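coords-v4.cif, holding mmCIF, C-alpha atoms and all ligand atoms:
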data_my_file
loop_
_atom_site.label_atom_id
_atom_site.label_comp_id
_atom_site.auth_asym_id
_atom_site.auth_seq_id
_atom_site.Cartn_x
_atom_site.Cartn_y
_atom_site.Cartn_z
CA MET A 98 -29.37 -15.81 1.01
CA ARG A 99 -26.36 -15.74 -1.31
CA ARG A 100 -23.46 -13.57 -0.25
CA LEU A 101 -21.60 -11.07 -2.42
CA PRO A 102 -18.05 -11.29 -1.02
CA VAL A 103 -15.97 -8.11 -1.38
CA TYR A 104 -12.25 -8.32 -0.67
CA PHE A 105 -9.93 -5.37 -0.17
CA LEU A 106 -6.34 -6.43 -0.82
CA VAL A 107 -4.38 -3.42 0.35
CA ASP A 108 -0.69 -2.66 -0.11
CA VAL A 109 0.69 -1.43 3.22
CA SER A 110 4.33 -1.16 2.15
CA GLU A 111 6.52 1.60 3.59
CA SER A 112 5.75 4.12 0.84
CA MET A 113 2.10 4.07 1.98
CA VAL A 114 3.10 5.44 5.40
CA GLY A 115 1.56 8.75 6.46
CA GLU A 116 -1.16 10.40 4.37
CA PRO A 117 -1.96 7.54 1.91
CA ILE A 118 -2.60 4.86 4.54
CA GLN A 119 -4.64 7.33 6.57
CA GLN A 120 -6.76 8.04 3.49
CA VAL A 121 -7.31 4.33 2.90
CA GLN A 122 -8.27 3.85 6.53
CA ASP A 123 -10.77 6.74 6.42
CA GLY A 124 -11.99 5.48 3.04
CA MET A 125 -12.79 2.01 4.39
CA ARG A 126 -14.83 3.57 7.18
CA MET A 127 -16.74 5.69 4.66
CA ILE A 128 -17.44 2.73 2.37
CA VAL A 129 -18.93 0.69 5.18
CA GLN A 130 -21.01 3.59 6.54
CA GLU A 131 -22.42 4.27 3.06
CA LEU A 132 -23.13 0.62 2.27
CA ARG A 133 -25.00 0.18 5.53
CA THR A 134 -27.61 2.67 4.31
CA ASP A 135 -28.16 0.69 1.10
CA PRO A 136 -30.79 -2.07 1.38
CA TYR A 137 -29.29 -4.14 -1.47
CA ALA A 138 -25.73 -4.03 -0.13
CA LEU A 139 -26.93 -4.65 3.42
CA GLU A 140 -28.65 -7.82 2.23
CA THR A 141 -25.78 -9.30 0.22
CA ALA A 142 -22.35 -7.69 0.71
CA PHE A 143 -19.76 -9.23 3.02
CA ILE A 144 -16.42 -7.49 3.38
CA SER A 145 -12.91 -8.74 4.08
CA VAL A 146 -9.72 -6.70 4.40
CA ILE A 147 -6.30 -8.22 3.75
CA ALA A 148 -3.17 -6.08 4.14
CA PHE A 149 0.08 -7.00 2.45
CA ALA A 150 3.66 -5.81 2.51
CA GLY A 151 6.41 -8.45 2.45
CA LYS A 152 3.76 -10.80 3.82
CA ALA A 153 -0.03 -10.75 3.91
CA LYS A 154 -2.35 -10.67 6.91
CA THR A 155 -6.12 -10.69 7.33
CA LEU A 156 -7.27 -7.57 9.14
CA GLN A 157 -10.93 -8.52 8.90
CA PRO A 158 -12.32 -11.87 7.69
CA LEU A 159 -15.46 -11.87 5.52
CA THR A 160 -17.96 -10.03 7.69
CA GLU A 161 -21.52 -8.86 7.14
CA LEU A 162 -21.86 -5.09 6.96
CA TYR A 163 -23.61 -4.39 10.22
CA LYS A 164 -20.93 -6.30 12.15
CA PHE A 165 -17.97 -4.89 10.23
CA TYR A 166 -15.55 -2.80 12.25
CA PRO A 167 -13.09 -0.76 10.12
CA PRO A 168 -9.57 -1.98 10.87
CA ILE A 169 -6.44 -0.02 11.74
CA PHE A 170 -3.93 -0.48 8.92
CA PRO A 171 -0.36 -1.49 9.82
CA ILE A 172 2.78 -0.69 7.78
CA GLY A 173 5.28 -3.34 6.72
CA GLY A 174 8.40 -3.72 4.58
CA GLY A 175 8.25 -5.03 1.03
CA THR A 176 5.55 -5.39 -1.63
CA SER A 177 5.08 -9.12 -2.16
CA LEU A 178 2.22 -9.10 -4.65
CA GLY A 179 2.71 -12.80 -5.47
CA ALA A 180 2.53 -13.79 -1.81
CA ALA A 181 -0.53 -11.56 -1.34
CA LEU A 182 -2.37 -13.13 -4.26
CA ASP A 183 -1.54 -16.64 -3.00
CA TYR A 184 -2.82 -15.64 0.43
CA LEU A 185 -6.04 -14.33 -1.12
CA MET A 186 -6.60 -17.51 -3.13
CA ASP A 187 -6.05 -19.67 -0.03
CA ASP A 188 -8.58 -17.52 1.81
CA MET A 189 -11.08 -17.82 -1.04
CA ASP A 190 -10.74 -21.63 -0.87
CA LYS A 191 -11.43 -21.53 2.87
CA SER A 192 -14.05 -18.80 3.18
CA LEU A 193 -16.25 -18.92 0.08
CA VAL A 194 -19.34 -21.11 -0.17
CA LYS A 195 -19.30 -23.15 -3.36
CA THR A 196 -22.37 -23.90 -5.42
CA THR A 197 -23.31 -27.58 -5.29
CA THR A 198 -26.38 -29.58 -6.33
CA GLU A 199 -27.82 -28.97 -2.87
CA GLN A 200 -27.07 -25.28 -2.45
CA LYS A 201 -26.47 -22.04 -4.26
CA GLY A 202 -23.06 -20.75 -3.19
CA ASP A 203 -21.69 -17.22 -2.97
CA TRP A 204 -21.80 -14.82 -5.87
CA LYS A 205 -18.54 -14.14 -7.66
CA PRO A 206 -16.35 -12.20 -5.23
CA ILE A 207 -15.14 -8.70 -6.09
CA ILE A 208 -11.51 -8.04 -5.22
CA PHE A 209 -10.30 -4.47 -5.00
CA LEU A 210 -6.52 -4.55 -5.14
CA PHE A 211 -4.83 -1.29 -4.11
CA SER A 212 -1.10 -0.94 -4.69
CA ASP A 213 1.34 1.94 -4.93
CA GLY A 214 4.52 0.20 -6.01
CA THR A 215 6.36 -2.52 -7.86
CA PRO A 216 6.40 -6.05 -6.42
CA THR A 217 9.51 -7.02 -4.49
CA ASP A 218 8.82 -10.71 -5.11
CA ASP A 219 8.36 -12.64 -8.35
CA PRO A 220 4.58 -12.99 -8.80
CA THR A 221 4.79 -15.27 -11.90
CA SER A 222 3.60 -18.50 -10.27
CA ALA A 223 0.83 -16.77 -8.28
CA PHE A 224 -0.33 -15.06 -11.49
CA ALA A 225 -0.46 -18.43 -13.28
CA ARG A 226 -2.41 -20.00 -10.40
CA TRP A 227 -4.84 -17.05 -10.45
CA ASN A 228 -5.39 -17.15 -14.21
CA ASN A 229 -5.83 -20.93 -14.32
CA LYS A 230 -8.16 -21.48 -11.40
CA TYR A 231 -9.60 -18.28 -9.97
CA ARG A 232 -9.88 -15.57 -12.58
CA ARG A 233 -13.12 -16.82 -14.15
CA LYS A 234 -14.72 -17.21 -10.73
CA ALA A 235 -13.88 -13.71 -9.47
CA ASN A 236 -13.90 -10.04 -10.43
CA ILE A 237 -10.57 -8.42 -9.70
CA VAL A 238 -10.30 -4.65 -9.96
CA ALA A 239 -6.68 -3.49 -9.70
CA ILE A 240 -6.05 0.11 -8.73
CA SER A 241 -2.71 1.85 -9.01
CA ILE A 242 -2.44 4.53 -6.35
CA GLY A 243 -0.31 7.13 -8.08
CA ASP A 244 1.92 6.48 -11.10
CA ASN A 245 4.49 4.20 -9.48
CA VAL A 246 2.81 0.91 -10.42
CA ASN A 247 3.54 -1.36 -13.36
CA THR A 248 0.00 -1.36 -14.73
CA GLN A 249 0.98 -3.54 -17.69
CA MET A 250 1.91 -6.23 -15.19
CA LEU A 251 -1.43 -5.86 -13.36
CA GLY A 252 -3.06 -6.35 -16.76
CA GLN A 253 -1.84 -9.96 -16.61
CA ILE A 254 -4.37 -10.72 -13.86
CA SER A 255 -7.17 -8.22 -14.40
CA ASP A 256 -9.26 -6.70 -17.20
CA ASN A 257 -10.05 -3.78 -14.93
CA VAL A 258 -6.88 -1.86 -14.18
CA LEU A 259 -7.35 1.75 -13.11
CA ARG A 260 -5.02 4.48 -11.99
CA LEU A 261 -5.78 7.05 -9.30
CA ASN A 262 -3.81 9.92 -10.78
CA SER A 263 -3.91 12.24 -7.86
CA THR A 264 -3.54 11.27 -4.23
CA ASP A 265 -4.77 14.36 -2.41
CA GLU A 266 -7.62 14.08 0.09
CA MET A 267 -10.33 15.14 -2.39
CA SER A 268 -9.24 12.60 -4.98
CA PHE A 269 -9.16 9.80 -2.42
CA LYS A 270 -12.64 10.74 -1.19
CA ALA A 271 -14.07 10.73 -4.73
CA PHE A 272 -12.31 7.45 -5.39
CA PHE A 273 -13.82 5.72 -2.36
CA LYS A 274 -17.26 7.02 -3.36
CA TRP A 275 -16.67 5.32 -6.71
CA VAL A 276 -15.74 2.06 -4.97
CA THR A 277 -18.92 2.30 -2.89
CA ALA A 278 -21.09 3.03 -5.94
CA SER A 279 -19.56 0.04 -7.76
CA ILE A 280 -20.35 -2.31 -4.87
CA LYS A 281 -23.91 -0.94 -4.68
CA ALA A 282 -24.44 -1.39 -8.43
CA THR A 283 -23.14 -4.97 -8.31
CA SER A 284 -25.35 -5.89 -5.33
CA VAL A 285 -28.40 -4.55 -7.21
CA SER A 286 -27.39 -6.59 -10.25
CA VAL A 287 -26.98 -9.87 -8.34
CA THR A 288 -30.23 -9.37 -6.41
CA ASP A 289 -32.44 -8.28 -9.30
CA VAL A 290 -31.10 -10.21 -12.28
CA GLY A 291 -28.62 -12.70 -10.84
CA ASP A 292 -25.73 -11.27 -12.86
CA ASP A 293 -22.56 -11.24 -10.77
CA ASP A 294 -20.10 -9.58 -13.13
CA VAL A 295 -18.79 -6.46 -11.43
CA LYS A 296 -20.60 -3.23 -12.36
CA LEU A 297 -18.09 -0.43 -12.13
CA ALA A 298 -19.54 3.04 -11.57
CA PRO A 299 -18.69 5.83 -14.05
CA THR A 300 -15.39 7.57 -13.38
CA ASN A 301 -16.52 11.00 -14.64
CA GLY A 302 -15.15 13.83 -12.56
CA ILE A 303 -12.75 11.60 -10.64
CA ASN A 304 -8.98 11.52 -11.08
CA LEU A 305 -9.36 7.86 -11.89
CA GLU A 306 -8.72 6.46 -15.35
CA LYS A 307 -8.93 3.05 -16.92
CA VAL A 308 -5.47 1.99 -18.07
CA ASP A 309 -4.70 0.42 -21.44
CA THR A 310 -2.57 -2.45 -20.16
CA SER A 311 -1.34 -3.44 -23.61
CA LYS A 312 0.91 -0.39 -23.53
CA PRO A 313 4.33 -0.71 -21.92
CA CYS A 314 4.62 1.04 -18.62
CA ILE A 315 7.75 2.64 -17.26
CA VAL A 316 7.76 2.99 -13.52
CA ASP A 317 10.04 4.94 -11.36
CA GLU A 318 10.33 5.10 -7.66
CA ASN A 319 8.70 8.13 -6.15
CA PHE A 320 9.71 7.67 -2.55
CA ALA A 321 12.63 6.65 -0.40
CA VAL A 322 11.70 5.42 3.06
CA LEU A 323 14.20 4.92 5.88
CA LEU A 324 13.86 3.01 9.12
CA GLY A 325 14.99 4.83 12.26
CA LYS A 326 15.13 3.91 15.93
CA CYS A 327 14.58 6.39 18.73
CA SER A 328 17.59 6.54 21.03
CA ASN A 329 15.37 7.44 24.00
CA THR A 330 12.30 5.22 23.66
CA LYS A 331 13.98 2.51 21.48
CA LYS A 332 10.83 2.60 19.33
CA GLN A 333 11.07 2.42 15.55
CA TYR A 334 9.83 4.97 13.04
CA LEU A 335 9.84 5.55 9.30
CA ILE A 336 11.18 8.63 7.58
CA LYS A 337 9.66 9.27 4.17
CA TYR A 338 11.30 11.29 1.38
CA ALA A 339 9.69 12.11 -1.98
CA LYS A 340 11.74 12.17 -5.15
CA HIS A 341 12.26 15.55 -6.67
CA LEU A 342 13.81 16.42 -10.04
CA SER A 343 15.48 19.75 -10.59
CA ALA A 344 17.45 21.46 -13.33
CA ILE A 345 21.22 21.35 -13.02
CA GLU A 346 22.85 24.74 -12.98
CA GLY A 347 24.70 25.31 -16.22
CA LEU A 348 23.05 22.32 -17.90
CA GLU A 349 19.52 23.77 -18.24
CA ASN A 350 19.55 23.24 -22.00
CA LEU A 351 20.27 19.54 -21.74
CA ASP A 352 17.65 16.97 -20.96
CA MET A 353 19.32 16.20 -17.66
CA LYS A 354 17.99 16.63 -14.20
CA ALA A 355 19.38 16.29 -10.72
CA ILE A 356 17.56 13.90 -8.41
CA ASP A 357 17.15 14.55 -4.75
CA PHE A 358 14.74 13.45 -2.06
CA LYS A 359 12.72 15.96 -0.05
CA LEU A 360 11.44 15.22 3.42
CA VAL A 361 7.74 14.29 3.63
CA GLY A 362 7.61 13.33 7.30
CA ALA A 363 8.52 10.88 10.06
CA TYR A 364 6.00 8.41 11.46
CA PRO A 365 6.10 6.03 14.42
CA ILE A 366 5.29 2.41 13.51
CA ASP A 367 4.08 -0.60 15.38
CA GLU A 368 7.28 -2.65 15.44
CA GLU A 369 5.61 -6.00 16.00
CA THR A 370 3.27 -5.82 12.99
CA TYR A 371 5.98 -4.16 10.92
CA ASN A 372 8.32 -7.11 11.47
CA GLU A 373 5.50 -9.59 11.05
CA LEU A 374 4.74 -8.16 7.60
CA CYS A 375 8.40 -7.88 6.49
CA ASP A 376 9.89 -10.39 4.10
CA GLY A 377 13.59 -9.92 4.77
CA LYS A 378 16.26 -7.32 4.96
CA SER A 379 16.57 -4.59 2.38
CA ASN A 380 19.69 -4.41 0.27
CA ARG A 381 18.90 -1.11 -1.38
CA ASN A 382 20.92 1.92 -0.43
CA ILE A 383 20.58 5.63 -0.70
CA ASN A 384 23.28 8.25 -0.21
CA THR A 385 22.71 10.77 2.57
CA MET A 386 23.87 13.51 0.19
CA SER A 387 20.65 13.22 -1.80
CA LEU A 388 18.37 13.66 1.22
CA ARG A 389 16.94 17.14 1.80
CA GLY A 390 15.56 17.93 5.21
CA VAL A 391 15.79 16.34 8.64
CA PRO A 392 12.66 15.58 10.69
CA THR A 393 12.39 15.74 14.45
CA CYS A 394 12.04 12.32 16.06
CA PRO A 395 8.33 11.36 16.05
CA CYS A 396 8.84 9.26 19.20
CA CYS A 397 10.67 11.62 21.58
CA GLY A 398 10.81 14.96 19.82
CA ASN A 399 14.61 15.01 19.53
CA GLN A 400 15.70 17.72 17.10
CA LEU A 401 17.61 15.38 14.79
CA GLY A 402 15.50 12.48 13.54
CA VAL A 403 18.02 11.25 10.97
CA VAL A 404 21.48 10.59 12.36
CA VAL A 405 23.51 7.83 10.77
CA CYS A 406 25.62 5.60 13.02
CA GLU A 407 28.79 3.98 11.76
CA CYS A 408 26.87 0.69 11.83
CA GLY A 409 24.77 2.09 8.95
CA ASN A 410 21.56 2.43 10.93
CA ILE A 411 19.54 5.54 11.66
CA MET A 412 18.69 6.96 15.04
CA CYS A 413 17.55 10.19 16.63
CA SER A 414 19.78 12.51 18.62
CA ASP A 415 19.57 15.72 20.62
CA GLY A 416 22.83 16.81 19.00
CA HIS A 417 25.02 15.66 21.89
CA THR A 418 26.67 12.35 22.68
CA THR A 419 24.18 9.59 21.96
CA ALA A 420 24.37 5.82 22.27
CA CYS A 421 23.20 4.06 19.08
CA PRO A 422 20.00 2.13 19.89
CA TRP A 423 20.95 -0.42 17.19
CA CYS A 424 24.55 -1.34 17.96
CA GLY A 425 25.16 0.28 21.36
CA MET A 426 28.14 2.31 20.19
CA GLU A 427 28.41 5.70 21.81
CA GLY A 428 29.42 8.63 19.69
CA SER A 429 29.20 12.33 19.32
CA LEU A 430 28.04 13.84 16.09
CA GLY A 431 30.81 14.70 13.75
CA GLU A 432 30.82 16.04 10.26
CA ILE A 433 29.26 13.76 7.70
CA ALA A 434 32.11 12.49 5.55
CA GLU A 435 32.63 14.08 2.17
CA GLY A 436 30.56 12.28 -0.46
CA GLY A 437 27.95 11.37 2.10
CA MET A 438 27.26 7.92 3.37
CA ASP A 439 25.28 5.03 1.98
CA ILE A 440 22.44 3.98 4.21
CA THR A 441 19.95 1.18 3.87
CA ARG A 442 16.54 1.98 2.48
CA GLY A 443 13.31 0.29 3.31
CA ARG A 444 11.99 -2.63 1.28
CA GLY A 445 9.57 -0.39 -0.64
ZN ZN B 1 13.71 9.83 19.58
ZN ZN B 2 25.02 1.83 15.46
#
Can you give me the file's structure in the form of structure tokens?
Ligand SMILES: [Zn+2]
Ligand SMILES: [Zn+2]
Amino acid sequence: MRRLPVYFLVDVSESMVGEPIQQVQDGMRMIVQELRTDPYALETAFISVIAFAGKAKTLQPLTELYKFYPPIFPIGGGTSLGAALDYLMDDMDKSLVKTTTEQKGDWKPIIFLFSDGTPTDDPTSAFARWNNKYRRKANIVAISIGDNVNTQMLGQISDNVLRLNSTDEMSFKAFFKWVTASIKATSVSVTDVGDDDVKLAPTNGINLEKVDTSKPCIVDENFAVLLGKCSNTKKQYLIKYAKHLSAIEGLENLDMKAIDFKLVGAYPIDEETYNELCDGKSNRNINTMSLRGVPTCPCCGNQLGVVVCECGNIMCSDGHTTACPWCGMEGSLGEIAEGGMDITRGRG
């Protein structure tokens, strides 16, 4: 029996924290449940899940459907698309069965690449390696989750670049149904007629559109994510803010807007996997003045989840004297200096 390998290469950078990564996790479970009821997919499809942030990691090696256990997705710092693609190609070399004179190998693998941001590494050499040696032997379907992805750049490695325009629960559900239908259609095609070019399901009624990648694409950052440490439990958490544009009082007639960042939420992270998937320290800053809203600490429930120490790091506090879990300095909360303070943002 020839396998139809299906890879999910999933961006787990900081901006995916919270709702989006939960949706992807639920979506993977749904895909597998659905495919298990399909005789064609059950016969041929093997699934692998690779997560990437600053670095890539296999969450599930190529596994037949009835043995597949949906993984828990970690969060990491950075969006190293080049490193992720290199990791995928190395895995393809290792895991795929090649066709020889003695045996029929695997069908062309389908790779679903999900990303929500701009690469933090330079993917040029990985792109060249992909286009030279792998592109003809694989079907890569690149999906931009939201409008924060340089789709023109994804067009350099894929003829199928799509954008999920809305990221609410309903849209994600419909999107994962589409992924499932596309895998089903391709497994029918390989089984019945031996054609292993990917058969994408229609996108009617889904907030998913095929992108014309010849058009230039301007991307902006939609989120700012900060790394905090709980002063009680010493555990780390992420605080996510969404960018918000508003009119400036007195300048409503001009095409100028004020930018600030509104609180989305605070989420505990698994520090070990977070560090494992990070590719270095961030050098991007954000001023505390532009942040709107303070979460409670998701680790201990302290009222103030964003308190900035003089060392530049973020901790939680109950509003009284607190020792900084990063540098050890003890301080009581004073007024934030006029003009705010620059603090380090996540890797994105
Ligand atoms: Zn805390
Ligand atoms: Zn400190």
statement: Closest of A:Cys408, A:Val285, A:Ile280, A:Ala142 to ligand ZN 2 (chain B), counting only C-alpha atoms and all ligand atoms, is A:Cys408
field: Test item: which residues lie within 12 Å of (-12.8, 9.4, -4.4) counting only C-alpha atoms, as a PyMOL selection string
entry: chain A and resi 120-121+123-125+127-128+242+260-278+298-305
Which residues of chain A come within 12 Å of ligand ZN 1 (chain B), and what is each one's closest atom pair and distance in Å (one decimal), counting all atoms listed in the file, sorted by chain and residue number, as a Markdown table?
| residue | atom | partner | partner_atom | distance |
| --- | --- | --- | --- | --- |
| A:Gly325 | CA | B:ZN1 | ZN | 9.0 |
| A:Lys326 | CA | B:ZN1 | ZN | 7.1 |
| A:Cys327 | CA | B:ZN1 | ZN | 3.6 |
| A:Ser328 | CA | B:ZN1 | ZN | 5.3 |
| A:Asn329 | CA | B:ZN1 | ZN | 5.3 |
| A:Thr330 | CA | B:ZN1 | ZN | 6.3 |
| A:Lys331 | CA | B:ZN1 | ZN | 7.6 |
| A:Lys332 | CA | B:ZN1 | ZN | 7.8 |
| A:Gln333 | CA | B:ZN1 | ZN | 8.8 |
| A:Tyr334 | CA | B:ZN1 | ZN | 9.0 |
| A:Leu335 | CA | B:ZN1 | ZN | 11.8 |
| A:Ala363 | CA | B:ZN1 | ZN | 10.9 |
| A:Tyr364 | CA | B:ZN1 | ZN | 11.3 |
| A:Pro365 | CA | B:ZN1 | ZN | 9.9 |
| A:Pro392 | CA | B:ZN1 | ZN | 10.6 |
| A:Thr393 | CA | B:ZN1 | ZN | 7.9 |
| A:Cys394 | CA | B:ZN1 | ZN | 4.6 |
| A:Pro395 | CA | B:ZN1 | ZN | 6.6 |
| A:Cys396 | CA | B:ZN1 | ZN | 4.9 |
| A:Cys397 | CA | B:ZN1 | ZN | 4.1 |
| A:Gly398 | CA | B:ZN1 | ZN | 5.9 |
| A:Asn399 | CA | B:ZN1 | ZN | 5.3 |
| A:Gln400 | CA | B:ZN1 | ZN | 8.5 |
| A:Leu401 | CA | B:ZN1 | ZN | 8.3 |
| A:Gly402 | CA | B:ZN1 | ZN | 6.8 |
| A:Val403 | CA | B:ZN1 | ZN | 9.7 |
| A:Val404 | CA | B:ZN1 | ZN | 10.6 |
| A:Ile411 | CA | B:ZN1 | ZN | 10.7 |
| A:Met412 | CA | B:ZN1 | ZN | 7.3 |
| A:Cys413 | CA | B:ZN1 | ZN | 4.9 |
| A:Ser414 | CA | B:ZN1 | ZN | 6.7 |
| A:Asp415 | CA | B:ZN1 | ZN | 8.4 |
| A:Gly416 | CA | B:ZN1 | ZN | 11.5 |
| A:Thr419 | CA | B:ZN1 | ZN | 10.7 |
| A:Ala420 | CA | B:ZN1 | ZN | 11.7 |
| A:Cys421 | CA | B:ZN1 | ZN | 11.1 |
| A:Pro422 | CA | B:ZN1 | ZN | 9.9 |
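If all atoms listed in the file are the atoms counted, then among A:Pro136, A:Ala339, A:Asn319, A:Arg100 the closest residue to Asn245 (chain A) is A:Asn319.
Remark: for Ala148 (chain A), the closest of the candidate residues A:Glu427, A:Glu373, A:Asp219, A:Glu368 is A:Glu373 (distances computed over all atoms listed in the file).
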field: Straight-line distance linking CA of Gly425 (chain A) with CA of Ile336 (chain A), stated in Å to one decimal
entry: 21.3 Å
task: All residues within 6 Å of ligand ZN 2 (chain B) are required, counting only C-alpha atoms and all ligand atoms; please report them as a ChimeraX atom specification.
output: /A:406-408,410,421,423-424,426
message: So that I can see what lies close to region 208-215 of chain A, please list as a count of residues only the residues with an atom at most 9 Å from it, counting all atoms listed in the file and leaving out residues fewer than 4 positions away in the same chain.
response: 32
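All residues of protein, DNA or RNA that reach within 6 Å of Asp357 (chain A), judged by only C-alpha atoms and not counting those fewer than 3 positions away in the chain, are Lys340, His341 and Ser387 of chain A.
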Shell of 9 Å around Gly151 (chain A), all atoms listed in the file, local chain residues under 5 positions omitted, as a count of residues only: 17
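Among the candidate residues A:Ile118, A:Asp183, A:Leu132, A:Tyr137, the one lying nearest to Pro168 (chain A) is A:Ile118, with distances computed using all atoms listed in the file.
Among the candidate residues A:Tyr338, A:Val287, A:Glu346, A:Asn382, the one lying nearest to Gly362 (chain A) is A:Tyr338, with distances computed using all atoms listed in the file.
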query: So how far away is CA of Ala150 (chain A) from CA of Tyr371 (chain A), in Å?
result: 8.9 Å
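Using only C-alpha atoms, the residues found no farther than 9 Å from Cys314 (chain A), other than those of its own chain fewer than 3 positions away, are Val246, Asn247, Thr248, Gln249, Met250, Thr310 and Ser311 of chain A.
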Selection from above, C-alpha atoms, as a PDB file, keeping the file's coordinate frame, can you write it?
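Contents of the output file again.pdb:
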ATOM      1  CA  VAL A 246       2.810   0.910 -10.420  1.00  0.00           C
ATOM      2  CA  ASN A 247       3.540  -1.360 -13.360  1.00  0.00           C
ATOM      3  CA  THR A 248       0.000  -1.360 -14.730  1.00  0.00           C
ATOM      4  CA  GLN A 249       0.980  -3.540 -17.690  1.00  0.00           C
ATOM      5  CA  MET A 250       1.910  -6.230 -15.190  1.00  0.00           C
ATOM      6  CA  THR A 310      -2.570  -2.450 -20.160  1.00  0.00           C
ATOM      7  CA  SER A 311      -1.340  -3.440 -23.610  1.00  0.00           C
TER       8      SER A 311
END
- prompt: Which value, in Å to one decimal, gives the distance between CA of Met353 (chain A) and CA of Val391 (chain A)?
  reply: 26.5 Å
Box for region 164-172 of chain A: with edges along x, y and z, all listed atoms inside and 4 Å added on each side, what are the centre and edge lengths in Å to one decimal, as lines of an AutoDock Vina configuration file?
center_x = -9.1
center_y = -3.2
center_z = 10.0
size_x = 31.7
size_y = 14.3
size_z = 12.5
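Residue nearest Ser222 (chain A), chosen from A:Ser192, A:Gln253, A:Lys201, A:Gly428 and counting all atoms listed in the file: A:Gln253.
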field: Residues within 12 Å of (-1.4, -18.3, -7.0), counting all atoms listed in the file, listed as a VMD selection string
entry: chain A and resid 178 to 190 219 to 232 254
